[in-house]
Amino acid sequence: NILITGATGLIGTATITHLRNHYTLRALNRRPLTDLDCHQADIADYDAILPAFENIDTVVHLAAHIANDRQAIQRANLQGTTNIFEASLQANVRRIIFASSGSVVGGYAQISPYKELLAGLYDALPATWPMLTHESPLRPIGLYAASKVWGEELGRAFVAADHLSVLCLRFGRVNPENRPTQSREWCVWCSQRDAVQAIEKSIAAPPDLRFDTFFITSENKYGYRDLKHARQLIGFAPEDRAEDHR
């Protein structure tokens, strides 16, 4: 039994379409869904969301506010995420899959060779470049990115205090066009299919995988976020490449 927050978002919609025939799904959403069991509530309201967690095994927490609005981010990404974790703990949920973001390393875009990669200045690149891994120091820029760092560390704290499992997926750029649309996306683009695969692999990951963070993008020629860690621990094997759309 899987609970999905942010079910009407881009990744949420794709996830439901793919998983609905494999799992029993429920949505926790501010807007109603007519074709899926949906508990309608704001994640910032702890008491209102509690019924959604009854008999749930795994929570896929996708709901978030993206724009750099301090009050909205505090309500959705900080208070809302805290409520999701607290409610999961109280309901004996086994695992939370937290939608983090590649923006937690966004500051690397200001230094070489990453700034050249993101600008599409491929002639200025060395033959190889160092990959950012799950162990690279974080460099968030902006409130949204900082809130995702906070969500990851909140998950780590919950895991340390209890038997909950939290897997954090640092998604690259998932867009409605489902293809790269600007220069930076040739590095960090993630197809909807690959995003959903990462979620599905995280749901099925071994129970003893208690906490970890994974970069999730498609297999892009100019990518600089390490995918080996996700491949080794959860079996993530991206099916798409940005170059397929040139």
# chains A, B, ... in the order shown; residues from 1 in each chain; ligands from 1
$ select_by_dssp --residues "stretch 52-239 of chain A" --states "strand (DSSP E or B)" --output "PyMOL selection string"
chain A and resi 58-61+95-101+132+165-171+173+189+211-216+225
$ write_last_selection --atoms "N, CA, C and O atoms" --output "short mmCIF file (atom, residue, chain, number, x, y, z; two decimals), in the first residue's frame"
data_model
loop_
_atom_site.label_atom_id
_atom_site.label_comp_id
_atom_site.auth_asym_id
_atom_site.auth_seq_id
_atom_site.Cartn_x
_atom_site.Cartn_y
_atom_site.Cartn_z
N THR A 58 4.49 2.32 2.33
CA THR A 58 5.50 3.21 1.78
C THR A 58 4.86 4.54 1.42
O THR A 58 3.77 4.58 0.84
N VAL A 59 5.57 5.63 1.74
CA VAL A 59 5.13 6.97 1.36
C VAL A 59 6.09 7.52 0.31
O VAL A 59 7.31 7.51 0.51
N VAL A 60 5.55 7.98 -0.80
CA VAL A 60 6.34 8.67 -1.83
C VAL A 60 6.01 10.15 -1.70
O VAL A 60 4.93 10.59 -2.09
N HIS A 61 6.94 10.90 -1.10
CA HIS A 61 6.66 12.30 -0.76
C HIS A 61 7.20 13.21 -1.87
O HIS A 61 8.38 13.55 -1.91
N ARG A 95 8.82 2.79 4.91
CA ARG A 95 9.80 3.55 4.13
C ARG A 95 9.17 4.83 3.59
O ARG A 95 8.01 4.83 3.16
N ILE A 96 9.95 5.90 3.60
CA ILE A 96 9.59 7.15 2.92
C ILE A 96 10.57 7.35 1.77
O ILE A 96 11.79 7.27 1.96
N ILE A 97 10.04 7.62 0.59
CA ILE A 97 10.86 8.02 -0.54
C ILE A 97 10.69 9.52 -0.69
O ILE A 97 9.60 10.01 -1.01
N PHE A 98 11.74 10.25 -0.40
CA PHE A 98 11.69 11.71 -0.35
C PHE A 98 12.21 12.29 -1.66
O PHE A 98 13.35 12.02 -2.06
N ALA A 99 11.37 13.07 -2.33
CA ALA A 99 11.79 13.74 -3.56
C ALA A 99 12.65 14.93 -3.22
O ALA A 99 12.17 16.02 -2.92
N SER A 100 13.97 14.69 -3.27
CA SER A 100 14.92 15.78 -3.12
C SER A 100 15.17 16.36 -4.51
O SER A 100 14.36 16.19 -5.43
N SER A 101 16.29 17.03 -4.68
CA SER A 101 16.52 17.74 -5.94
C SER A 101 18.02 17.88 -6.19
O SER A 101 18.81 18.06 -5.26
N LEU A 132 30.05 14.59 -9.55
CA LEU A 132 29.55 14.87 -8.21
C LEU A 132 28.87 13.60 -7.70
O LEU A 132 28.07 12.99 -8.41
N SER A 165 12.85 3.65 7.19
CA SER A 165 13.81 3.79 6.10
C SER A 165 13.46 5.03 5.30
O SER A 165 12.29 5.27 5.00
N VAL A 166 14.47 5.82 4.94
CA VAL A 166 14.26 7.03 4.14
C VAL A 166 15.27 7.03 3.00
O VAL A 166 16.48 7.03 3.24
N LEU A 167 14.78 7.03 1.77
CA LEU A 167 15.63 7.11 0.59
C LEU A 167 15.33 8.42 -0.12
O LEU A 167 14.17 8.73 -0.42
N CYS A 168 16.37 9.20 -0.36
CA CYS A 168 16.23 10.54 -0.92
C CYS A 168 16.68 10.54 -2.38
O CYS A 168 17.83 10.19 -2.67
N LEU A 169 15.80 10.93 -3.28
CA LEU A 169 16.08 10.93 -4.71
C LEU A 169 16.29 12.37 -5.18
O LEU A 169 15.36 13.18 -5.17
N ARG A 170 17.53 12.66 -5.58
CA ARG A 170 17.86 14.01 -6.06
C ARG A 170 17.59 14.08 -7.56
O ARG A 170 18.48 13.91 -8.39
N PHE A 171 16.34 14.38 -7.88
CA PHE A 171 15.92 14.38 -9.28
C PHE A 171 16.57 15.50 -10.07
O PHE A 171 16.73 16.63 -9.59
N ARG A 173 16.30 17.51 -13.97
CA ARG A 173 15.23 18.31 -14.58
C ARG A 173 14.22 17.42 -15.28
O ARG A 173 14.48 16.84 -16.32
N TRP A 189 19.01 16.59 -17.48
CA TRP A 189 17.65 16.15 -17.83
C TRP A 189 17.38 14.75 -17.30
O TRP A 189 18.24 13.86 -17.30
N PHE A 211 19.00 4.39 4.99
CA PHE A 211 19.05 5.79 4.57
C PHE A 211 20.10 5.95 3.49
O PHE A 211 21.19 5.39 3.59
N ASP A 212 19.76 6.72 2.47
CA ASP A 212 20.77 7.08 1.47
C ASP A 212 20.21 8.16 0.56
O ASP A 212 19.01 8.44 0.56
N THR A 213 21.13 8.76 -0.20
CA THR A 213 20.77 9.79 -1.17
C THR A 213 21.28 9.36 -2.54
O THR A 213 22.37 8.78 -2.65
N PHE A 214 20.51 9.66 -3.57
CA PHE A 214 20.86 9.23 -4.93
C PHE A 214 20.58 10.34 -5.93
O PHE A 214 19.50 10.94 -5.90
N PHE A 215 21.54 10.62 -6.80
CA PHE A 215 21.27 11.48 -7.94
C PHE A 215 20.49 10.67 -8.98
O PHE A 215 20.84 9.51 -9.26
N ILE A 216 19.45 11.29 -9.54
CA ILE A 216 18.62 10.62 -10.52
C ILE A 216 18.49 11.52 -11.75
O ILE A 216 17.84 12.57 -11.72
N ARG A 225 26.49 14.27 -12.62
CA ARG A 225 25.99 13.74 -11.35
C ARG A 225 26.07 12.22 -11.39
O ARG A 225 25.50 11.59 -12.28
#
$ closest_atom_pairs --of "stretch 111-224 of chain A" --to "stretch 234-246 of chain A" --cutoff "10 Å" --atoms "only C-alpha atoms" --output "Markdown table"
| residue | atom | partner | partner_atom | distance |
| --- | --- | --- | --- | --- |
| A:Leu167 | CA | A:Ile234 | CA | 9.9 |
| A:Asn178 | CA | A:His245 | CA | 9.8 |
| A:Arg179 | CA | A:His245 | CA | 6.6 |
| A:Pro180 | CA | A:Ala242 | CA | 6.3 |
| A:Thr181 | CA | A:His245 | CA | 9.6 |
| A:Glu185 | CA | A:Ala242 | CA | 7.9 |
| A:Trp186 | CA | A:Ala242 | CA | 5.6 |
| A:Cys187 | CA | A:Ala242 | CA | 7.8 |
| A:Val188 | CA | A:Ala242 | CA | 8.6 |
| A:Trp189 | CA | A:Ala242 | CA | 6.5 |
| A:Cys190 | CA | A:Asp240 | CA | 8.0 |
| A:Ser191 | CA | A:Asp240 | CA | 6.6 |
| A:Gln192 | CA | A:Asp240 | CA | 9.4 |
| A:Arg193 | CA | A:Glu239 | CA | 7.7 |
| A:Asp194 | CA | A:Pro238 | CA | 5.4 |
| A:Ala195 | CA | A:Pro238 | CA | 8.6 |
| A:Gln197 | CA | A:Phe236 | CA | 7.0 |
| A:Ala198 | CA | A:Phe236 | CA | 5.8 |
| A:Ile199 | CA | A:Phe236 | CA | 9.2 |
| A:Glu200 | CA | A:Phe236 | CA | 9.2 |
| A:Lys201 | CA | A:Ile234 | CA | 5.8 |
| A:Ser202 | CA | A:Ile234 | CA | 6.1 |
| A:Ile203 | CA | A:Ile234 | CA | 9.2 |
| A:Ala204 | CA | A:Ile234 | CA | 8.0 |
| A:Ala205 | CA | A:Ile234 | CA | 5.6 |
| A:Pro206 | CA | A:Ile234 | CA | 8.1 |
| A:Leu209 | CA | A:Ile234 | CA | 9.0 |
| A:Phe214 | CA | A:Ile234 | CA | 9.3 |
| A:Ile216 | CA | A:Phe236 | CA | 8.5 |
| A:Thr217 | CA | A:Pro238 | CA | 7.5 |
| A:Ser218 | CA | A:Pro238 | CA | 5.3 |
| A:Glu219 | CA | A:Arg241 | CA | 4.8 |
| A:Asn220 | CA | A:Arg241 | CA | 4.9 |
| A:Lys221 | CA | A:Glu243 | CA | 7.0 |
| A:Tyr222 | CA | A:Ala242 | CA | 8.8 |
| A:Gly223 | CA | A:Ala242 | CA | 9.4 |
$ write_last_selection --atoms "N, CA, C and O atoms" --output "CSV table (one decimal), in the first residue's frame"
chain,number,residue,atom,x,y,z
A,167,LEU,N,14.8,7.0,1.8
A,167,LEU,CA,15.6,7.1,0.6
A,167,LEU,C,15.3,8.4,-0.1
A,167,LEU,O,14.2,8.7,-0.4
A,178,ASN,N,9.2,16.5,-21.7
A,178,ASN,CA,9.8,15.2,-21.6
A,178,ASN,C,11.0,15.1,-22.6
A,178,ASN,O,11.2,14.0,-23.2
A,179,ARG,N,11.7,16.2,-22.7
A,179,ARG,CA,12.9,16.2,-23.6
A,179,ARG,C,13.7,17.5,-23.2
A,179,ARG,O,13.1,18.4,-22.6
A,180,PRO,N,15.0,17.6,-23.4
A,180,PRO,CA,15.7,18.8,-23.1
A,180,PRO,C,15.2,20.0,-23.9
A,180,PRO,O,15.0,19.8,-25.1
A,181,THR,N,15.1,21.1,-23.3
A,181,THR,CA,14.6,22.3,-23.9
A,181,THR,C,15.5,23.5,-23.8
A,181,THR,O,15.2,24.5,-24.4
A,185,GLU,N,19.9,21.6,-19.7
A,185,GLU,CA,19.2,20.3,-19.5
A,185,GLU,C,19.9,19.1,-20.2
A,185,GLU,O,19.6,18.0,-19.9
A,186,TRP,N,20.8,19.4,-21.1
A,186,TRP,CA,21.6,18.3,-21.7
A,186,TRP,C,22.4,17.6,-20.7
A,186,TRP,O,22.8,16.4,-20.9
A,187,CYS,N,22.7,18.3,-19.6
A,187,CYS,CA,23.5,17.7,-18.5
A,187,CYS,C,22.6,17.0,-17.5
A,187,CYS,O,22.9,15.9,-17.0
A,188,VAL,N,21.5,17.6,-17.1
A,188,VAL,CA,20.8,17.2,-15.9
A,188,VAL,C,19.4,16.7,-16.2
A,188,VAL,O,18.6,16.4,-15.3
A,189,TRP,N,19.0,16.6,-17.5
A,189,TRP,CA,17.7,16.1,-17.8
A,189,TRP,C,17.4,14.7,-17.3
A,189,TRP,O,18.2,13.9,-17.3
A,190,CYS,N,16.1,14.6,-16.9
A,190,CYS,CA,15.7,13.2,-16.4
A,190,CYS,C,14.3,13.0,-17.0
A,190,CYS,O,13.4,13.8,-16.9
A,191,SER,N,14.2,11.9,-17.8
A,191,SER,CA,12.9,11.6,-18.4
A,191,SER,C,11.9,11.2,-17.4
A,191,SER,O,12.3,10.8,-16.3
A,192,GLN,N,10.7,11.4,-17.7
A,192,GLN,CA,9.6,11.0,-16.8
A,192,GLN,C,9.7,9.5,-16.5
A,192,GLN,O,9.5,9.0,-15.4
A,193,ARG,N,10.0,8.7,-17.5
A,193,ARG,CA,10.2,7.3,-17.4
A,193,ARG,C,11.3,6.9,-16.4
A,193,ARG,O,11.1,6.0,-15.6
A,194,ASP,N,12.4,7.6,-16.5
A,194,ASP,CA,13.5,7.3,-15.6
A,194,ASP,C,13.2,7.8,-14.1
A,194,ASP,O,13.6,7.1,-13.2
A,195,ALA,N,12.5,8.9,-14.0
A,195,ALA,CA,12.1,9.3,-12.7
A,195,ALA,C,11.2,8.3,-12.0
A,195,ALA,O,11.4,8.0,-10.8
A,197,GLN,N,11.1,5.1,-12.7
A,197,GLN,CA,11.8,3.9,-12.5
A,197,GLN,C,12.6,4.0,-11.1
A,197,GLN,O,12.6,3.1,-10.4
A,198,ALA,N,13.2,5.2,-10.9
A,198,ALA,CA,13.9,5.4,-9.6
A,198,ALA,C,13.0,5.2,-8.4
A,198,ALA,O,13.4,4.7,-7.4
A,199,ILE,N,11.7,5.7,-8.5
A,199,ILE,CA,10.8,5.6,-7.4
A,199,ILE,C,10.4,4.1,-7.3
A,199,ILE,O,10.4,3.6,-6.2
A,200,GLU,N,10.2,3.4,-8.4
A,200,GLU,CA,9.8,2.0,-8.3
A,200,GLU,C,10.9,1.2,-7.7
A,200,GLU,O,10.7,0.3,-6.9
A,201,LYS,N,12.2,1.5,-8.1
A,201,LYS,CA,13.3,0.7,-7.6
A,201,LYS,C,13.5,1.0,-6.1
A,201,LYS,O,13.9,0.1,-5.3
A,202,SER,N,13.2,2.2,-5.7
A,202,SER,CA,13.3,2.6,-4.3
A,202,SER,C,12.2,1.9,-3.4
A,202,SER,O,12.5,1.5,-2.3
A,203,ILE,N,11.0,1.7,-4.0
A,203,ILE,CA,10.0,1.0,-3.3
A,203,ILE,C,10.4,-0.4,-3.0
A,203,ILE,O,10.2,-1.0,-1.9
A,204,ALA,N,11.1,-1.0,-4.0
A,204,ALA,CA,11.4,-2.5,-3.9
A,204,ALA,C,12.8,-2.7,-3.3
A,204,ALA,O,13.2,-3.8,-3.2
A,205,ALA,N,13.5,-1.6,-2.9
A,205,ALA,CA,14.9,-1.8,-2.4
A,205,ALA,C,14.9,-2.6,-1.1
A,205,ALA,O,13.9,-2.6,-0.4
A,206,PRO,N,16.0,-3.3,-0.8
A,206,PRO,CA,16.0,-4.1,0.4
A,206,PRO,C,15.7,-3.4,1.7
A,206,PRO,O,16.0,-2.2,1.8
A,209,LEU,N,18.3,-1.3,3.7
A,209,LEU,CA,18.8,0.0,3.2
A,209,LEU,C,18.0,1.1,3.9
A,209,LEU,O,16.9,1.4,3.5
A,214,PHE,N,20.5,9.7,-3.6
A,214,PHE,CA,20.9,9.2,-4.9
A,214,PHE,C,20.6,10.3,-5.9
A,214,PHE,O,19.5,10.9,-5.9
A,216,ILE,N,19.5,11.3,-9.5
A,216,ILE,CA,18.6,10.6,-10.5
A,216,ILE,C,18.5,11.5,-11.8
A,216,ILE,O,17.8,12.6,-11.7
A,217,THR,N,19.2,11.1,-12.8
A,217,THR,CA,19.0,11.8,-14.1
A,217,THR,C,18.9,10.7,-15.2
A,217,THR,O,19.1,9.5,-14.9
A,218,SER,N,18.7,11.0,-16.4
A,218,SER,CA,18.9,10.1,-17.5
A,218,SER,C,20.4,9.9,-17.8
A,218,SER,O,21.2,10.6,-17.2
A,219,GLU,N,20.7,9.0,-18.7
A,219,GLU,CA,22.1,8.6,-19.0
A,219,GLU,C,22.6,9.6,-20.0
A,219,GLU,O,22.8,9.3,-21.2
A,220,ASN,N,22.9,10.9,-19.6
A,220,ASN,CA,23.3,11.9,-20.5
A,220,ASN,C,24.8,12.0,-20.7
A,220,ASN,O,25.6,11.9,-19.8
A,221,LYS,N,25.1,12.2,-22.0
A,221,LYS,CA,26.6,12.3,-22.3
A,221,LYS,C,27.3,13.3,-21.5
A,221,LYS,O,28.5,13.1,-21.1
A,222,TYR,N,26.7,14.4,-21.3
A,222,TYR,CA,27.4,15.5,-20.6
A,222,TYR,C,27.0,15.6,-19.1
A,222,TYR,O,27.2,16.6,-18.5
A,223,GLY,N,26.4,14.5,-18.6
A,223,GLY,CA,26.1,14.5,-17.2
A,223,GLY,C,27.3,14.6,-16.3
A,223,GLY,O,28.4,14.1,-16.6
$ residues_around --residues "A:Gly106" --least-positions-apart "4" --cutoff "8 Å" --atoms "only C-alpha atoms" --output "mmCIF file with N, CA, C and O atoms, in the first residue's frame"
data_model
loop_
_atom_site.group_PDB
_atom_site.id
_atom_site.type_symbol
_atom_site.label_atom_id
_atom_site.label_comp_id
_atom_site.auth_asym_id
_atom_site.auth_seq_id
_atom_site.Cartn_x
_atom_site.Cartn_y
_atom_site.Cartn_z
ATOM 1 N N GLY A 102 18.380 17.826 -7.470
ATOM 2 C CA GLY A 102 19.768 18.105 -7.835
ATOM 3 C C GLY A 102 20.193 19.517 -7.492
ATOM 4 O O GLY A 102 21.390 19.830 -7.486
ATOM 5 N N ARG A 139 25.929 22.306 -2.042
ATOM 6 C CA ARG A 139 26.032 23.739 -2.324
ATOM 7 C C ARG A 139 24.682 24.245 -2.833
ATOM 8 O O ARG A 139 24.526 24.591 -4.005
ATOM 9 N N PRO A 140 23.692 24.294 -1.958
ATOM 10 C CA PRO A 140 22.380 24.777 -2.397
ATOM 11 C C PRO A 140 22.389 26.278 -2.639
ATOM 12 O O PRO A 140 23.110 27.022 -1.962
ATOM 13 N N ILE A 141 21.613 26.711 -3.606
ATOM 14 C CA ILE A 141 21.400 28.133 -3.849
ATOM 15 C C ILE A 141 19.901 28.374 -3.833
ATOM 16 O O ILE A 141 19.153 27.761 -4.595
ATOM 17 N N ALA A 145 16.216 24.950 -2.703
ATOM 18 C CA ALA A 145 17.318 23.996 -2.586
ATOM 19 C C ALA A 145 17.681 23.764 -1.127
ATOM 20 O O ALA A 145 17.927 22.621 -0.708
#
$ closest_residue --among "A:Arg156, A:Lys228, A:Arg75, A:Arg30" --to "A:Ala48" --atoms "only C-alpha atoms"
A:Arg30
$ atom_distance --atom1 "atom CA of A:Val159" --atom2 "atom CA of A:Asp69"
29.1 Å
$ residues_around --residues "stretch 34-36 of chain A" --least-positions-apart "2" --cutoff "10 Å" --atoms "only C-alpha atoms" --output "PDB file with N, CA and C atoms, in the first residue's frame"
ATOM      1  N   ALA A   7       0.285  14.251  -5.811  1.00  0.00           N
ATOM      2  CA  ALA A   7      -0.085  13.262  -6.832  1.00  0.00           C
ATOM      3  C   ALA A   7      -0.464  13.884  -8.169  1.00  0.00           C
ATOM      4  N   ILE A  16       1.759   7.485 -10.808  1.00  0.00           N
ATOM      5  CA  ILE A  16       0.462   6.820 -10.651  1.00  0.00           C
ATOM      6  C   ILE A  16       0.114   6.033 -11.910  1.00  0.00           C
ATOM      7  N   ARG A  20      -0.099   2.028 -10.884  1.00  0.00           N
ATOM      8  CA  ARG A  20      -1.445   1.743 -10.373  1.00  0.00           C
ATOM      9  C   ARG A  20      -1.858   0.290 -10.580  1.00  0.00           C
ATOM     10  N   THR A  24      -1.361  -1.015  -4.555  1.00  0.00           N
ATOM     11  CA  THR A  24      -2.549  -0.310  -4.115  1.00  0.00           C
ATOM     12  C   THR A  24      -2.132   1.114  -3.765  1.00  0.00           C
ATOM     13  N   LEU A  25      -2.645   2.085  -4.500  1.00  0.00           N
ATOM     14  CA  LEU A  25      -2.215   3.469  -4.366  1.00  0.00           C
ATOM     15  C   LEU A  25      -3.283   4.321  -3.689  1.00  0.00           C
ATOM     16  N   ARG A  26      -2.804   5.286  -2.935  1.00  0.00           N
ATOM     17  CA  ARG A  26      -3.665   6.325  -2.363  1.00  0.00           C
ATOM     18  C   ARG A  26      -2.945   7.649  -2.537  1.00  0.00           C
ATOM     19  N   ALA A  27      -3.681   8.700  -2.774  1.00  0.00           N
ATOM     20  CA  ALA A  27      -3.103  10.032  -2.913  1.00  0.00           C
ATOM     21  C   ALA A  27      -3.411  10.866  -1.680  1.00  0.00           C
ATOM     22  N   ARG A  31      -5.872  18.926  -4.123  1.00  0.00           N
ATOM     23  CA  ARG A  31      -6.927  18.843  -5.127  1.00  0.00           C
ATOM     24  C   ARG A  31      -7.461  17.414  -5.187  1.00  0.00           C
ATOM     25  N   PRO A  32      -8.746  17.245  -5.447  1.00  0.00           N
ATOM     26  CA  PRO A  32      -9.308  15.881  -5.496  1.00  0.00           C
ATOM     27  C   PRO A  32      -8.883  15.138  -6.751  1.00  0.00           C
ATOM     28  N   CYS A  38      -8.241   9.098  -2.794  1.00  0.00           N
ATOM     29  CA  CYS A  38      -7.544  10.354  -2.497  1.00  0.00           C
ATOM     30  C   CYS A  38      -8.041  10.934  -1.176  1.00  0.00           C
ATOM     31  N   HIS A  39      -7.092  11.194  -0.273  1.00  0.00           N
ATOM     32  CA  HIS A  39      -7.391  11.922   0.954  1.00  0.00           C
ATOM     33  C   HIS A  39      -7.012  13.373   0.705  1.00  0.00           C
TER      34      HIS A  39
END
$ closest_residue --among "A:Glu116, A:Asp226, A:Thr81, A:Ala14" --to "A:Glu135" --atoms "only C-alpha atoms"
A:Asp226
$ select_by_dssp --residues "stretch 47-209 of chain A" --states "helix (DSSP H, G or I)" --output "JSON, numbers by chain"
{"A": [47, 48, 49, 50, 51, 52, 53, 70, 71, 72, 73, 74, 75, 76, 77, 78, 79, 80, 81, 82, 83, 84, 85, 86, 87, 88, 89, 90, 102, 103, 104, 105, 106, 107, 108, 109, 110, 114, 115, 116, 117, 118, 119, 122, 123, 124, 143, 144, 145, 146, 147, 148, 149, 150, 151, 152, 153, 154, 155, 156, 157, 158, 159, 160, 161, 185, 186, 187, 188, 192, 193, 194, 195, 196, 197, 198, 199, 200, 201, 202, 203]}
$ closest_residue --among "A:Pro51, A:Gly12, A:Pro113, A:Pro207" --to "A:Arg94" --atoms "only C-alpha atoms"
A:Pro207
$ closest_residue --among "A:Thr128, A:Ser183, A:Ile56, A:Ala72" --to "A:Val93" --atoms "only C-alpha atoms"
A:Ile56
$ closest_residue --among "A:Asp123, A:Asp42, A:Glu177, A:Asp162" --to "A:Ser88" --atoms "only C-alpha atoms"
A:Asp162
$ closest_residue --among "A:Pro130, A:Ile84, A:Gly155, A:Arg231" --to "A:Ala41" --atoms "only C-alpha atoms"
A:Ile84
$ atom_distance --atom1 "atom CA of A:Ala124" --atom2 "atom CA of A:Ala230"
29.2 Å
$ decode --residues "stretch 85-116 of chain A" --atoms "C-alpha atoms" --output "CSV table (one decimal), in the first residue's frame"
chain,number,residue,atom,x,y,z
A,85,PHE,CA,7.6,12.2,8.5
A,86,GLU,CA,5.8,12.4,11.9
A,87,ALA,CA,2.6,10.9,10.5
A,88,SER,CA,4.6,8.1,8.8
A,89,LEU,CA,6.3,7.3,12.1
A,90,GLN,CA,3.1,7.2,14.0
A,91,ALA,CA,1.5,4.9,11.4
A,92,ASN,CA,4.4,2.5,11.3
A,93,VAL,CA,5.2,3.2,7.7
A,94,ARG,CA,8.2,1.2,6.6
A,95,ARG,CA,9.8,3.6,4.1
A,96,ILE,CA,9.6,7.1,2.9
A,97,ILE,CA,10.9,8.0,-0.5
A,98,PHE,CA,11.7,11.7,-0.4
A,99,ALA,CA,11.8,13.7,-3.6
A,100,SER,CA,14.9,15.8,-3.1
A,101,SER,CA,16.5,17.7,-5.9
A,102,GLY,CA,19.8,18.1,-7.8
A,103,SER,CA,19.6,21.8,-6.8
A,104,VAL,CA,21.2,20.7,-3.5
A,105,VAL,CA,24.5,20.9,-5.5
A,106,GLY,CA,23.4,23.9,-7.6
A,107,GLY,CA,26.3,26.1,-6.5
A,108,TYR,CA,28.7,24.0,-8.5
A,109,ALA,CA,27.2,25.7,-11.6
A,110,GLN,CA,29.4,28.7,-10.8
A,111,ILE,CA,32.7,26.8,-11.1
A,112,SER,CA,34.5,25.0,-13.9
A,113,PRO,CA,34.0,22.6,-15.6
A,114,TYR,CA,30.3,22.5,-14.5
A,115,LYS,CA,29.5,26.0,-15.6
A,116,GLU,CA,30.8,25.1,-19.1
